[in-house]
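Asks: Sharing a structure here in structure tokens format.
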Amino acid sequence: MYIALLSYTAPRNEVDYALAEHAEWLRGHFARGLFLISGKGGEDHDQVILTRPCLRGKLDAVLASDPLVAQHLAHYSVIEFSATRTAQEFHAINEALAS
């Protein structure tokens, strides 16, 4: 699994113009099943995405297609981790990891 941390690299007023495209991009990857959770980040990161397990190269390609990244308004930092324990709501993810 991965945690993708998005940080804006451009002024917020420039980022705002691309947020509608970014939201559509997010919806598409939720619909495809890759993204599990997304939301506003804390002080150091503007947005956070939790993904299903996948090949890192695939994730890198997906993140590079984010309109915010493609327009050089933001960049991602990625943390890979292996989930060893989850809440009941994430039981299906545990099943995928075991196989």
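Scheme for the structure tokens: letters A, B, ... for chains in order shown; per-chain residue numbers from 1; ligand numbers from 1 in order shown.
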DSSP on the backbone, then: every residue of chain A marked helix (DSSP H, G or I), written as number ranges by chain.
Replies: A: 12-16, 19-31, 56-64, 67-70, 88-98
Asks: Considering only strand (DSSP E) as DSSP defines it on the backbone, what residues of chain A qualify? List them as an MDAnalysis selection string.
Replies: chainID A and resid 2:8 35:40 47:51 74:80
Asks: Convert the current residue selection to file output with N, CA and C atoms, as a PDB file, in the first residue's frame.
Replies:
ATOM      1  N   TYR A   2       0.288   2.340  -0.354  1.00  0.00           N
ATOM      2  CA  TYR A   2       1.040   3.581  -0.415  1.00  0.00           C
ATOM      3  C   TYR A   2       0.247   4.728   0.193  1.00  0.00           C
ATOM      4  N   ILE A   3       0.988   5.654   0.743  1.00  0.00           N
ATOM      5  CA  ILE A   3       0.449   6.948   1.117  1.00  0.00           C
ATOM      6  C   ILE A   3       1.114   7.944   0.184  1.00  0.00           C
ATOM      7  N   ALA A   4       0.308   8.643  -0.598  1.00  0.00           N
ATOM      8  CA  ALA A   4       0.816   9.659  -1.518  1.00  0.00           C
ATOM      9  C   ALA A   4       0.523  11.027  -0.909  1.00  0.00           C
ATOM     10  N   LEU A   5       1.579  11.796  -0.700  1.00  0.00           N
ATOM     11  CA  LEU A   5       1.476  13.109  -0.069  1.00  0.00           C
ATOM     12  C   LEU A   5       1.699  14.183  -1.132  1.00  0.00           C
ATOM     13  N   LEU A   6       0.685  14.975  -1.374  1.00  0.00           N
ATOM     14  CA  LEU A   6       0.739  16.014  -2.402  1.00  0.00           C
ATOM     15  C   LEU A   6       1.093  17.353  -1.767  1.00  0.00           C
ATOM     16  N   SER A   7       2.083  18.007  -2.329  1.00  0.00           N
ATOM     17  CA  SER A   7       2.483  19.344  -1.876  1.00  0.00           C
ATOM     18  C   SER A   7       2.413  20.306  -3.045  1.00  0.00           C
ATOM     19  N   TYR A   8       1.748  21.427  -2.841  1.00  0.00           N
ATOM     20  CA  TYR A   8       1.669  22.448  -3.881  1.00  0.00           C
ATOM     21  C   TYR A   8       3.025  23.125  -4.027  1.00  0.00           C
ATOM     22  N   PHE A  35      -7.591   4.120  -5.549  1.00  0.00           N
ATOM     23  CA  PHE A  35      -7.557   4.993  -4.380  1.00  0.00           C
ATOM     24  C   PHE A  35      -8.599   4.540  -3.363  1.00  0.00           C
ATOM     25  N   LEU A  36      -8.206   4.571  -2.099  1.00  0.00           N
ATOM     26  CA  LEU A  36      -9.093   4.170  -1.010  1.00  0.00           C
ATOM     27  C   LEU A  36      -9.609   5.361  -0.210  1.00  0.00           C
ATOM     28  N   ILE A  37      -8.734   6.319   0.048  1.00  0.00           N
ATOM     29  CA  ILE A  37      -9.070   7.475   0.882  1.00  0.00           C
ATOM     30  C   ILE A  37      -8.286   8.677   0.341  1.00  0.00           C
ATOM     31  N   SER A  38      -8.898   9.839   0.374  1.00  0.00           N
ATOM     32  CA  SER A  38      -8.155  11.063   0.072  1.00  0.00           C
ATOM     33  C   SER A  38      -8.708  12.181   0.931  1.00  0.00           C
ATOM     34  N   GLY A  39      -7.888  13.182   1.133  1.00  0.00           N
ATOM     35  CA  GLY A  39      -8.358  14.316   1.918  1.00  0.00           C
ATOM     36  C   GLY A  39      -7.277  15.353   2.110  1.00  0.00           C
ATOM     37  N   LYS A  40      -7.659  16.398   2.797  1.00  0.00           N
ATOM     38  CA  LYS A  40      -6.754  17.507   3.070  1.00  0.00           C
ATOM     39  C   LYS A  40      -5.659  17.051   4.023  1.00  0.00           C
ATOM     40  N   GLN A  47      -2.480  17.599   0.407  1.00  0.00           N
ATOM     41  CA  GLN A  47      -3.463  16.528   0.260  1.00  0.00           C
ATOM     42  C   GLN A  47      -2.789  15.191   0.511  1.00  0.00           C
ATOM     43  N   VAL A  48      -3.599  14.190   0.900  1.00  0.00           N
ATOM     44  CA  VAL A  48      -3.112  12.849   1.198  1.00  0.00           C
ATOM     45  C   VAL A  48      -4.009  11.847   0.487  1.00  0.00           C
ATOM     46  N   ILE A  49      -3.400  10.825  -0.106  1.00  0.00           N
ATOM     47  CA  ILE A  49      -4.152   9.741  -0.751  1.00  0.00           C
ATOM     48  C   ILE A  49      -3.619   8.416  -0.222  1.00  0.00           C
ATOM     49  N   LEU A  50      -4.512   7.520   0.172  1.00  0.00           N
ATOM     50  CA  LEU A  50      -4.158   6.150   0.548  1.00  0.00           C
ATOM     51  C   LEU A  50      -4.578   5.258  -0.609  1.00  0.00           C
ATOM     52  N   THR A  51      -3.648   4.426  -1.097  1.00  0.00           N
ATOM     53  CA  THR A  51      -3.938   3.584  -2.261  1.00  0.00           C
ATOM     54  C   THR A  51      -3.950   2.110  -1.896  1.00  0.00           C
ATOM     55  N   ALA A  74       2.273  21.060  -8.427  1.00  0.00           N
ATOM     56  CA  ALA A  74       2.424  20.255  -7.212  1.00  0.00           C
ATOM     57  C   ALA A  74       3.323  19.066  -7.499  1.00  0.00           C
ATOM     58  N   HIS A  75       3.745  18.402  -6.435  1.00  0.00           N
ATOM     59  CA  HIS A  75       4.497  17.150  -6.583  1.00  0.00           C
ATOM     60  C   HIS A  75       4.090  16.194  -5.459  1.00  0.00           C
ATOM     61  N   TYR A  76       4.334  14.916  -5.694  1.00  0.00           N
ATOM     62  CA  TYR A  76       4.007  13.872  -4.724  1.00  0.00           C
ATOM     63  C   TYR A  76       5.260  13.322  -4.067  1.00  0.00           C
ATOM     64  N   SER A  77       5.131  13.019  -2.788  1.00  0.00           N
ATOM     65  CA  SER A  77       6.064  12.170  -2.052  1.00  0.00           C
ATOM     66  C   SER A  77       5.277  10.906  -1.741  1.00  0.00           C
ATOM     67  N   VAL A  78       5.918   9.758  -1.834  1.00  0.00           N
ATOM     68  CA  VAL A  78       5.206   8.500  -1.647  1.00  0.00           C
ATOM     69  C   VAL A  78       5.873   7.689  -0.541  1.00  0.00           C
ATOM     70  N   ILE A  79       5.047   7.153   0.333  1.00  0.00           N
ATOM     71  CA  ILE A  79       5.503   6.257   1.394  1.00  0.00           C
ATOM     72  C   ILE A  79       4.874   4.897   1.135  1.00  0.00           C
ATOM     73  N   GLU A  80       5.704   3.886   1.003  1.00  0.00           N
ATOM     74  CA  GLU A  80       5.210   2.513   0.825  1.00  0.00           C
ATOM     75  C   GLU A  80       5.177   1.836   2.188  1.00  0.00           C
TER      76      GLU A  80
END
Asks: Pick from A:His29, A:His45, A:Arg85, A:Arg12: nearest to A:Leu59, with only C-alpha atoms counted?
Replies: A:His29
Asks: Pick out the residues sitting within 10 Å of A:Ser65, and hand them over as number ranges by chain; count only C-alpha atoms, and ignore anything fewer than 6 positions along from it in its own chain.
Replies: A: 22, 25, 59, 71
Asks: Between A:Leu63, A:Leu73, A:Leu55, A:Ala23, which residue has the minimum interatomic distance to A:Pro11, considering only C-alpha atoms?
Replies: A:Leu73
Asks: Just to confirm, what's the straight-line distance from atom CA of A:Leu68 to atom CA of A:Ala18 in Å (one decimal)?
Replies: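 Between atom CA of A:Leu68 and atom CA of A:Ala18 the gap is 6.3 Å.
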Asks: Do you have the atom CA of A:Arg52-atom CA of A:Thr84 distance handy?
Replies: 13.5 Å
Asks: Atom CA of A:Gly41 and atom CA of A:Pro53, how far apart in Å?
Replies: 21.0 Å
